[in-house]
Every structure is written in structure tokens, then in C-alpha cells.
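Here is protein-v3.cif, consisting of mmCIF, C-alpha atoms:
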```cif
data_target
loop_
_atom_site.label_atom_id
_atom_site.label_comp_id
_atom_site.auth_asym_id
_atom_site.auth_seq_id
_atom_site.Cartn_x
_atom_site.Cartn_y
_atom_site.Cartn_z
CA MET A 90 22.15 0.56 -6.68
CA LYS A 91 18.94 -0.79 -8.09
CA LEU A 92 16.06 1.53 -8.97
CA LEU A 93 12.47 0.28 -9.19
CA TYR A 94 9.51 2.12 -10.69
CA PHE A 95 5.83 1.37 -10.17
CA ALA A 96 2.47 2.30 -11.71
CA TRP A 97 2.53 5.44 -13.89
CA VAL A 98 6.10 6.25 -12.89
CA ARG A 99 7.10 2.89 -14.43
CA GLU A 100 5.02 3.58 -17.54
CA ARG A 101 6.55 7.02 -18.04
CA VAL A 102 10.15 5.92 -17.46
CA GLY A 103 9.47 2.97 -19.77
CA LYS A 104 11.03 0.23 -17.65
CA PRO A 105 10.34 -1.47 -14.30
CA GLU A 106 13.90 -1.37 -12.95
CA GLU A 107 17.51 -0.53 -13.71
CA GLU A 108 20.98 -0.44 -12.15
CA ILE A 109 22.52 3.01 -11.71
CA GLU A 110 25.65 4.56 -10.27
CA PRO A 111 24.91 8.17 -9.41
CA PRO A 112 27.85 10.56 -8.84
CA ALA A 113 29.05 11.22 -5.29
CA ASN A 114 27.31 14.61 -5.05
CA VAL A 115 23.90 12.86 -5.27
CA ARG A 116 23.28 12.37 -1.57
CA THR A 117 19.52 12.41 -0.98
CA ILE A 118 16.35 11.16 -2.64
CA GLY A 119 15.73 14.73 -3.80
CA ASP A 120 19.22 14.90 -5.35
CA LEU A 121 18.59 11.58 -7.07
CA VAL A 122 15.32 12.79 -8.59
CA ALA A 123 17.02 15.96 -9.87
CA TRP A 124 19.83 13.86 -11.37
CA LEU A 125 17.41 11.39 -12.99
CA LYS A 126 15.42 14.23 -14.58
CA LEU A 127 18.53 15.20 -16.57
CA ARG A 128 18.95 11.69 -17.99
CA GLY A 129 16.29 12.01 -20.69
CA GLU A 130 12.83 13.26 -21.51
CA GLU A 131 11.15 10.08 -20.22
CA TYR A 132 12.62 10.81 -16.77
CA ALA A 133 11.76 14.50 -17.00
CA TYR A 134 8.16 13.47 -17.79
CA ALA A 135 7.97 10.85 -15.01
CA PHE A 136 9.30 13.27 -12.38
CA GLU A 137 7.74 16.51 -13.68
CA ASN A 138 5.68 16.83 -10.47
CA ALA A 139 8.38 15.51 -8.16
CA ASN A 140 6.42 16.52 -5.05
CA VAL A 141 3.70 13.90 -5.71
CA ILE A 142 6.13 11.02 -6.16
CA ARG A 143 6.83 8.79 -3.17
CA ALA A 144 10.06 6.92 -2.51
CA ALA A 145 11.21 3.88 -0.56
CA ILE A 146 14.76 2.90 0.41
CA ASP A 147 15.24 -0.83 0.93
CA ARG A 148 11.45 -1.23 1.21
CA ASN A 149 10.84 1.50 3.78
CA HIS A 150 8.94 4.70 3.04
CA VAL A 151 11.26 7.74 3.10
CA LYS A 152 11.04 11.51 2.61
CA PRO A 153 12.92 13.49 -0.09
CA ASP A 154 15.67 14.52 2.35
CA ALA A 155 16.54 10.86 3.15
CA GLN A 156 20.21 9.96 2.57
CA ILE A 157 20.78 7.33 -0.11
CA ALA A 158 24.28 6.24 0.95
CA GLY A 159 24.36 2.46 1.40
CA ALA A 160 20.96 1.90 -0.23
CA ARG A 161 20.63 -1.32 -2.20
CA GLU A 162 17.18 -0.73 -3.64
CA ILE A 163 15.34 2.57 -4.18
CA ALA A 164 11.78 2.64 -5.47
CA PHE A 165 9.74 5.52 -6.91
CA PHE A 166 5.95 5.40 -7.18
CA PRO A 167 2.76 7.49 -7.08
CA PRO A 168 0.62 7.84 -3.94
CA MET A 169 -0.71 4.40 -3.06
CA THR A 170 -4.26 3.29 -3.88
CA GLY A 171 -4.56 -0.20 -2.39
CA GLY A 172 -7.17 -1.63 -0.07
CA MET B 201 -0.09 -12.97 12.21
CA THR B 202 -0.77 -14.05 8.64
CA VAL B 203 -0.05 -11.68 5.73
CA ARG B 204 -0.49 -12.91 2.19
CA ILE B 205 -0.25 -11.16 -1.17
CA GLN B 206 -1.79 -13.38 -3.79
CA ARG B 207 -3.38 -13.46 -7.22
CA ASP B 208 -6.03 -16.01 -6.22
CA ASP B 209 -9.28 -15.37 -4.38
CA PHE B 210 -9.66 -16.08 -0.66
CA ASP B 211 -12.27 -17.94 1.38
CA LEU B 212 -13.57 -15.78 4.23
CA GLY B 213 -15.01 -18.71 6.19
CA ALA B 214 -11.81 -20.72 5.95
CA GLU B 215 -9.71 -17.75 7.09
CA ILE B 216 -11.93 -17.17 10.15
CA ALA B 217 -11.84 -20.88 10.99
CA SER B 218 -8.05 -21.01 10.79
CA LEU B 219 -7.83 -18.17 13.34
CA THR B 220 -10.39 -19.56 15.79
CA GLN B 221 -10.12 -23.35 15.51
CA GLY B 222 -9.26 -25.02 18.81
CA ARG B 223 -9.02 -21.74 20.72
CA ALA B 224 -11.45 -20.94 23.50
CA ASN B 225 -10.05 -17.52 24.45
CA ILE B 226 -11.30 -15.70 21.33
CA GLY B 227 -14.60 -13.95 21.96
CA ALA B 228 -14.77 -11.70 18.91
CA VAL B 229 -13.80 -11.81 15.26
CA ALA B 230 -14.23 -8.80 12.99
CA THR B 231 -13.72 -9.00 9.25
CA PHE B 232 -13.53 -6.46 6.46
CA THR B 233 -13.74 -7.47 2.81
CA GLY B 234 -12.99 -4.94 0.06
CA ILE B 235 -14.72 -5.76 -3.23
CA CYS B 236 -14.16 -4.46 -6.76
CA ARG B 237 -17.10 -2.10 -7.32
CA ASP B 238 -18.73 -1.46 -10.71
CA ASP B 239 -18.77 2.30 -11.09
CA GLY B 240 -18.38 2.24 -14.84
CA ILE B 241 -15.32 0.03 -15.02
CA ALA B 242 -14.86 -3.24 -16.90
CA ALA B 243 -11.98 -4.32 -14.66
CA MET B 244 -9.10 -3.07 -12.57
CA THR B 245 -5.51 -4.24 -12.37
CA LEU B 246 -3.70 -4.07 -9.05
CA GLU B 247 0.05 -3.64 -9.19
CA HIS B 248 2.18 -4.07 -6.07
CA TYR B 249 5.75 -3.86 -4.85
CA PRO B 250 6.65 -7.47 -4.01
CA GLY B 251 8.54 -7.75 -0.75
CA MET B 252 7.68 -4.27 0.45
CA ALA B 253 3.92 -4.92 0.33
CA GLU B 254 4.23 -7.86 2.74
CA ALA B 255 6.73 -6.01 4.96
CA GLU B 256 4.67 -2.82 5.15
CA ILE B 257 1.46 -4.67 6.01
CA ALA B 258 3.30 -6.75 8.63
CA ARG B 259 4.67 -3.53 10.20
CA HIS B 260 1.13 -2.19 10.57
CA VAL B 261 -0.19 -5.47 11.96
CA GLY B 262 2.62 -5.23 14.52
CA GLU B 263 1.51 -1.69 15.35
CA ALA B 264 -2.12 -2.89 15.74
CA GLU B 265 -0.93 -5.66 18.08
CA LYS B 266 0.77 -3.03 20.25
CA ARG B 267 -2.37 -0.88 20.42
CA TRP B 268 -4.99 -3.57 21.06
CA PRO B 269 -5.04 -6.96 22.84
CA LEU B 270 -5.37 -9.04 19.66
CA LEU B 271 -5.38 -12.83 19.57
CA GLY B 272 -4.93 -13.19 15.83
CA VAL B 273 -4.76 -11.13 12.63
CA THR B 274 -4.98 -12.17 8.98
CA VAL B 275 -4.52 -9.77 6.06
CA ILE B 276 -4.82 -10.93 2.46
CA HIS B 277 -4.43 -8.53 -0.47
CA ARG B 278 -4.91 -9.65 -4.06
CA TYR B 279 -3.10 -8.37 -7.13
CA GLY B 280 -3.59 -8.76 -10.86
CA ARG B 281 -6.70 -8.14 -12.96
CA LEU B 282 -10.01 -8.12 -11.06
CA THR B 283 -13.53 -7.61 -12.37
CA PRO B 284 -16.49 -6.03 -10.53
CA GLY B 285 -17.80 -8.31 -7.79
CA GLU B 286 -14.43 -9.91 -7.12
CA ASN B 287 -12.72 -9.70 -3.73
CA ILE B 288 -9.72 -7.37 -3.37
CA VAL B 289 -8.69 -7.38 0.27
CA LEU B 290 -9.49 -9.18 3.51
CA VAL B 291 -8.73 -8.16 7.10
CA VAL B 292 -9.63 -10.51 9.96
CA THR B 293 -8.98 -9.54 13.57
CA ALA B 294 -9.60 -11.69 16.62
CA SER B 295 -9.71 -10.64 20.25
CA SER B 296 -11.41 -11.44 23.55
CA HIS B 297 -13.87 -8.58 23.09
CA ARG B 298 -15.39 -6.76 20.14
CA GLU B 299 -13.93 -3.28 20.75
CA ALA B 300 -10.36 -4.33 19.94
CA ALA B 301 -11.41 -6.46 16.96
CA PHE B 302 -13.47 -3.65 15.37
CA ALA B 303 -10.90 -0.92 16.02
CA ALA B 304 -7.92 -2.93 14.79
CA ALA B 305 -9.69 -3.91 11.56
CA GLU B 306 -10.53 -0.27 10.86
CA PHE B 307 -7.00 0.87 11.71
CA LEU B 308 -5.47 -1.74 9.38
CA MET B 309 -7.75 -0.82 6.48
CA ASP B 310 -7.00 2.90 6.88
CA TYR B 311 -3.27 2.15 6.70
CA LEU B 312 -3.59 -0.31 3.82
CA LYS B 313 -5.28 2.41 1.76
CA THR B 314 -2.50 4.95 2.14
CA ARG B 315 0.74 3.12 3.08
CA ALA B 316 0.69 -0.34 1.48
CA PRO B 317 2.43 -0.21 -1.92
CA PHE B 318 -0.46 -1.12 -4.23
CA TRP B 319 -1.77 0.83 -7.22
CA LYS B 320 -5.05 0.41 -9.08
CA LYS B 321 -5.44 0.93 -12.81
CA GLU B 322 -9.02 0.97 -14.06
CA GLU B 323 -10.30 -0.09 -17.46
CA ARG B 324 -13.03 2.39 -18.34
CA ARG B 325 -15.10 2.70 -21.51
CA ASP B 326 -13.08 5.77 -22.50
CA GLY B 327 -9.72 4.14 -21.81
CA ALA B 328 -7.48 3.00 -18.99
CA GLY B 329 -6.26 5.19 -16.14
CA TRP B 330 -4.56 5.02 -12.76
CA VAL B 331 -6.77 5.67 -9.75
CA GLU B 332 -5.78 8.84 -7.90
CA ALA B 333 -5.18 8.81 -4.18
CA ARG B 334 -8.02 10.42 -2.23
CA GLN B 335 -7.53 13.01 0.51
CA ILE B 336 -10.34 11.40 2.50
CA ASP B 337 -8.25 8.20 2.76
CA ALA B 338 -5.20 10.16 3.92
CA ALA B 339 -7.33 11.88 6.55
CA ALA B 340 -8.75 8.54 7.71
CA ALA B 341 -5.22 7.18 8.24
CA GLU B 342 -3.99 10.32 9.97
CA ARG B 343 -6.72 10.33 12.60
CA TRP B 344 -4.88 7.40 14.25
CA THR B 345 -1.80 9.56 14.72
CA GLY B 346 -3.57 12.84 15.41
CA GLY B 347 -2.05 14.49 12.32
CA ARG B 348 -3.33 17.75 10.83
CA ALA B 349 -5.51 16.09 8.17
CA GLY B 350 -6.93 13.79 10.82
CA ARG B 351 -7.95 16.68 13.06
CA GLU B 352 -9.55 18.46 10.13
CA ALA B 353 -11.54 15.34 9.23
CA ALA B 354 -12.75 15.05 12.81
CA GLU B 355 -13.97 18.66 12.93
#
```
Translate this structure into C-alpha cells?
Amino acid sequence: MKLLYFAWVRERVGKPEEEIEPPANVRTIGDLVAWLKLRGEEYAYAFENANVIRAAIDRNHVKPDAQIAGAREIAFFPPMTGG
Amino acid sequence: MTVRIQRDDFDLGAEIASLTQGRANIGAVATFTGICRDDGIAAMTLEHYPGMAEAEIARHVGEAEKRWPLLGVTVIHRYGRLTPGENIVLVVTASSHREAAFAAAEFLMDYLKTRAPFWKKEERRDGAGWVEARQIDAAAAERWTGGRAGREAAE
């Protein structure tokens, strides 16, 4: 699946997007964040306050308990400040 | 419904005209324009999530059309680097009467602030920084759904 990062999440991770294949025991957005945090210090830094980070699956807002099975595109970003 | 995410500026008069031209049933048009304000910044850069930004705004326009008898809606949101005085966002709502046009424009702006995937980074004299989301904006959006923050804001 494709991961996208925006705003300061993108800056901290150090890239705008990447392809990943998480193991089968990573079932929810929350699991995915926990798994990403173990991938390196840039991820640990980006997700250090995981409760403030928002997620979208296939361009729909989702909560941390959302299932990721079948997702093509998952995005992580800070609270939005448009308008 | 027209939803556009664009780098370029927009023309308020032209957008109103394109909604109302040749239509005699529209009795009210309300517009909101958000402008880059100079509170100590040299510029701001708006980042967005292409694809989701359009889809999310269109979902909320659809919700507004269910709530009010609207005869036309246009939402334009700019991205890229903007300097103080430049336009950021435009909402135009058309209806037979003013109540629906005013209410729908306010509803759409409240949702744009908290649900549309845009992020502002400001260039200040002491460096650049991302704008933090404000609780008052979350409360303004929640009053339309009767959420906890919305009730607190109303009290």
C-alpha cells in the first residue's frame, strides 16, 4: 500500500510518500502507527504524539481503530488548518 | 456544484455571475472570502492533499445541499505561497432566500477549517512554522452536529 505524509509529518519523516508492506498482524491505523515508529528515529519523531495525528484511508477521514485491510492509499497528517 | 483547488487567484464577480447568469429563480447570493492577514508574517504556504481536498469539500457541499434549498454552490481554495492581502478561499452560495444562502456559506466555512486537508505554514521574522489548529474552529464545526465542543461553545 501507498503511504502519504503531509505538512510537519512529511517534514519529520523526510519524504512525501512511500510504498510499504506491513506484516499481517498490523490490522488497524493504530497498529500501523506503532509499526512505523519502530522503523527509525524519523518515524518515532513524526509519530511521537500519535494522538494528534490524523489519518485518511483512500481519501476518507478515519479513526485509529479503522481496519487497513484492502486500503490502497493511507495518509497521515496534522490537524487541518485550511480555510 | 463547482469545487476548484487552484494556485491562481479567483475573480469574485465572475464567480457570482457564473452562478446567476440566465437564472431568474435565484433571489440571494452569499459569499465569503478568506484573505491572508498580516499579523507579523511575510507569507504563508498552503499545502493540500490533492484528490482528497476536492472530494472532502464536495462531500460537505453535498451535505449543505441536503440541509438547505440551494440553487448553486461554488467553493475555490488556493494553495501555494500567498502574501498578506491575497485571497485564500471563496465560498459562494445561491438560493431563493437569504437564510439558506447565509447559513450554508457559514456551514461550509466551518467545515473547510477543520475537515478539508489543507495546512498553512507561516514565514515569520523569527523563522517558519506550521499553524496550529484552533479549538475555536473545532467548536464552530461541531455546533452543526451538536457535538460536545459545539454545546460548550454555545453556552
Checklist line | Contact residues (chain A, partner chain B, 10 Å, all atoms listed in the file) as a ChimeraX atom specification | finding: /A:93-97,145,147-150,164,166-172
Note to self: Can you translate the PyMOL selection byres ((chain A and resi 138) around 12) into the concrete residues it hits in this file, as a VMD selection string?
What the structure shows: chain A and resid 98 122 to 123 126 132 to 137 139 to 143 166 to 167
Item checked: Answer key for the PyMOL selection byres ((chain A and resi 153) around 6), residues as a ChimeraX atom specification -> /A:118-119,152,154-155
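Taking atom CA of A:Ile163 and atom CA of A:Val151 as the two end points, the separation is 9.8 Å.
Among the candidates B:Thr220, B:Asn225, B:Ser296, B:Thr202, the residue lying nearest to B:Leu270 is B:Ser296 (atoms considered: all atoms listed in the file).
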Next item on the list: List, as an MDAnalysis selection string, every residue that the PyMOL selection byres ((chain B and resi 282) around 9) selects in the file provided.
Entry: chainID B and resid 236 243:246 278:281 283:288
Next item on the list: Please provide the set of residues having any atom within 10 Å of B:Val292, restricted to only C-alpha atoms, with same-chain residues fewer than 6 positions apart removed, written as a ChimeraX atom specification.
Entry: /B:202,212,215-216,219,229-233,272-276,301-302,304-305,308
Checklist line | Separation of atom CA of A:Glu108 from atom CA of A:Ala160, in Å and rounded to one decimal | finding: 12.1 Å
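All protein and nucleic acid residues in the vicinity of (-3.6, -3.2, 14.8), that is within 8 Å when counting only C-alpha atoms, are His260, Val261, Gly262, Glu263, Ala264, Glu265, Lys266, Arg267, Trp268, Leu270, Ala303, Ala304, Ala305, Phe307 and Leu308 of chain B.
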Take stretch 282-328 of chain B from the block and save it with N, CA and C atoms, as a short mmCIF file (atom, residue, chain, number, x, y, z; two decimals), in the first residue's frame.
```
data_model
loop_
_atom_site.label_atom_id
_atom_site.label_comp_id
_atom_site.auth_asym_id
_atom_site.auth_seq_id
_atom_site.Cartn_x
_atom_site.Cartn_y
_atom_site.Cartn_z
N LEU B 282 1.29 32.41 -0.51
CA LEU B 282 0.43 33.59 -0.57
C LEU B 282 0.96 34.66 0.37
N THR B 283 0.87 35.91 -0.06
CA THR B 283 1.35 37.01 0.79
C THR B 283 0.15 37.78 1.34
N PRO B 284 0.35 38.54 2.44
CA PRO B 284 -0.77 39.27 3.04
C PRO B 284 -1.52 40.11 2.02
N GLY B 285 -2.85 40.04 2.10
CA GLY B 285 -3.70 40.75 1.16
C GLY B 285 -4.22 39.87 0.05
N GLU B 286 -3.58 38.71 -0.14
CA GLU B 286 -4.04 37.82 -1.22
C GLU B 286 -5.23 36.97 -0.75
N ASN B 287 -6.08 36.61 -1.70
CA ASN B 287 -7.21 35.72 -1.42
C ASN B 287 -6.74 34.31 -1.12
N ILE B 288 -7.44 33.64 -0.19
CA ILE B 288 -7.15 32.22 0.11
C ILE B 288 -8.30 31.34 -0.35
N VAL B 289 -9.50 31.71 0.06
CA VAL B 289 -10.65 30.81 -0.15
C VAL B 289 -11.90 31.61 -0.49
N LEU B 290 -12.75 31.01 -1.32
CA LEU B 290 -14.01 31.63 -1.69
C LEU B 290 -15.14 30.62 -1.57
N VAL B 291 -16.23 31.03 -0.92
CA VAL B 291 -17.46 30.23 -0.88
C VAL B 291 -18.59 31.11 -1.41
N VAL B 292 -19.31 30.63 -2.40
CA VAL B 292 -20.47 31.33 -2.93
C VAL B 292 -21.67 30.40 -2.85
N THR B 293 -22.74 30.86 -2.24
CA THR B 293 -23.96 30.05 -2.14
C THR B 293 -25.14 30.84 -2.70
N ALA B 294 -25.96 30.16 -3.46
CA ALA B 294 -27.12 30.81 -4.07
C ALA B 294 -28.38 30.06 -3.67
N SER B 295 -29.44 30.83 -3.40
CA SER B 295 -30.71 30.24 -3.01
C SER B 295 -31.84 31.19 -3.38
N SER B 296 -33.08 30.77 -3.12
CA SER B 296 -34.20 31.67 -3.37
C SER B 296 -34.24 32.79 -2.34
N HIS B 297 -33.85 32.44 -1.09
CA HIS B 297 -33.93 33.41 0.00
C HIS B 297 -32.63 33.46 0.79
N ARG B 298 -32.42 34.54 1.52
CA ARG B 298 -31.12 34.78 2.13
C ARG B 298 -30.76 33.80 3.24
N GLU B 299 -31.78 33.30 3.99
CA GLU B 299 -31.45 32.46 5.15
C GLU B 299 -30.60 31.26 4.75
N ALA B 300 -31.01 30.57 3.70
CA ALA B 300 -30.28 29.37 3.26
C ALA B 300 -28.89 29.74 2.75
N ALA B 301 -28.81 30.84 2.01
CA ALA B 301 -27.51 31.24 1.45
C ALA B 301 -26.52 31.59 2.56
N PHE B 302 -26.95 32.38 3.54
CA PHE B 302 -26.07 32.74 4.67
C PHE B 302 -25.66 31.49 5.45
N ALA B 303 -26.62 30.67 5.82
CA ALA B 303 -26.35 29.52 6.69
C ALA B 303 -25.42 28.53 6.00
N ALA B 304 -25.67 28.27 4.72
CA ALA B 304 -24.85 27.28 4.02
C ALA B 304 -23.41 27.77 3.86
N ALA B 305 -23.23 29.07 3.62
CA ALA B 305 -21.87 29.60 3.48
C ALA B 305 -21.11 29.45 4.80
N GLU B 306 -21.80 29.72 5.91
CA GLU B 306 -21.15 29.61 7.22
C GLU B 306 -20.82 28.15 7.55
N PHE B 307 -21.76 27.27 7.28
CA PHE B 307 -21.57 25.83 7.46
C PHE B 307 -20.34 25.35 6.67
N LEU B 308 -20.26 25.74 5.41
CA LEU B 308 -19.16 25.27 4.56
C LEU B 308 -17.82 25.80 5.06
N MET B 309 -17.78 27.05 5.49
CA MET B 309 -16.50 27.59 6.00
C MET B 309 -16.09 26.89 7.29
N ASP B 310 -17.04 26.60 8.17
CA ASP B 310 -16.71 25.91 9.42
C ASP B 310 -16.11 24.54 9.12
N TYR B 311 -16.65 23.84 8.12
CA TYR B 311 -16.12 22.53 7.79
C TYR B 311 -14.80 22.60 7.05
N LEU B 312 -14.66 23.61 6.18
CA LEU B 312 -13.38 23.77 5.48
C LEU B 312 -12.23 23.93 6.46
N LYS B 313 -12.49 24.68 7.53
CA LYS B 313 -11.44 24.98 8.51
C LYS B 313 -10.92 23.72 9.20
N THR B 314 -11.81 22.77 9.44
CA THR B 314 -11.42 21.64 10.30
C THR B 314 -11.36 20.30 9.59
N ARG B 315 -11.96 20.16 8.40
CA ARG B 315 -12.04 18.85 7.74
C ARG B 315 -11.38 18.80 6.36
N ALA B 316 -11.19 19.95 5.72
CA ALA B 316 -10.57 19.92 4.39
C ALA B 316 -9.05 19.81 4.57
N PRO B 317 -8.42 18.87 3.85
CA PRO B 317 -6.99 18.62 4.08
C PRO B 317 -6.07 19.69 3.48
N PHE B 318 -5.96 20.79 4.23
CA PHE B 318 -5.05 21.89 3.91
C PHE B 318 -4.26 22.22 5.17
N TRP B 319 -3.02 22.65 4.97
CA TRP B 319 -2.17 23.03 6.11
C TRP B 319 -1.42 24.30 5.75
N LYS B 320 -1.37 25.23 6.72
CA LYS B 320 -0.71 26.52 6.49
C LYS B 320 0.64 26.56 7.20
N LYS B 321 1.65 26.96 6.48
CA LYS B 321 2.96 27.20 7.09
C LYS B 321 3.29 28.68 6.92
N GLU B 322 3.57 29.35 8.04
CA GLU B 322 3.80 30.79 8.00
C GLU B 322 5.30 31.10 7.98
N GLU B 323 5.63 32.15 7.24
CA GLU B 323 7.00 32.67 7.27
C GLU B 323 7.01 33.90 8.18
N ARG B 324 7.57 33.70 9.39
CA ARG B 324 7.64 34.81 10.34
C ARG B 324 9.07 35.35 10.40
N ARG B 325 9.22 36.50 11.06
CA ARG B 325 10.56 37.10 11.14
C ARG B 325 11.53 36.18 11.87
N ASP B 326 10.99 35.40 12.84
CA ASP B 326 11.87 34.52 13.62
C ASP B 326 11.89 33.09 13.07
N GLY B 327 11.45 32.93 11.84
CA GLY B 327 11.52 31.60 11.23
C GLY B 327 10.17 31.14 10.73
N ALA B 328 10.16 29.93 10.15
CA ALA B 328 8.93 29.40 9.58
C ALA B 328 8.31 28.39 10.54
#
```
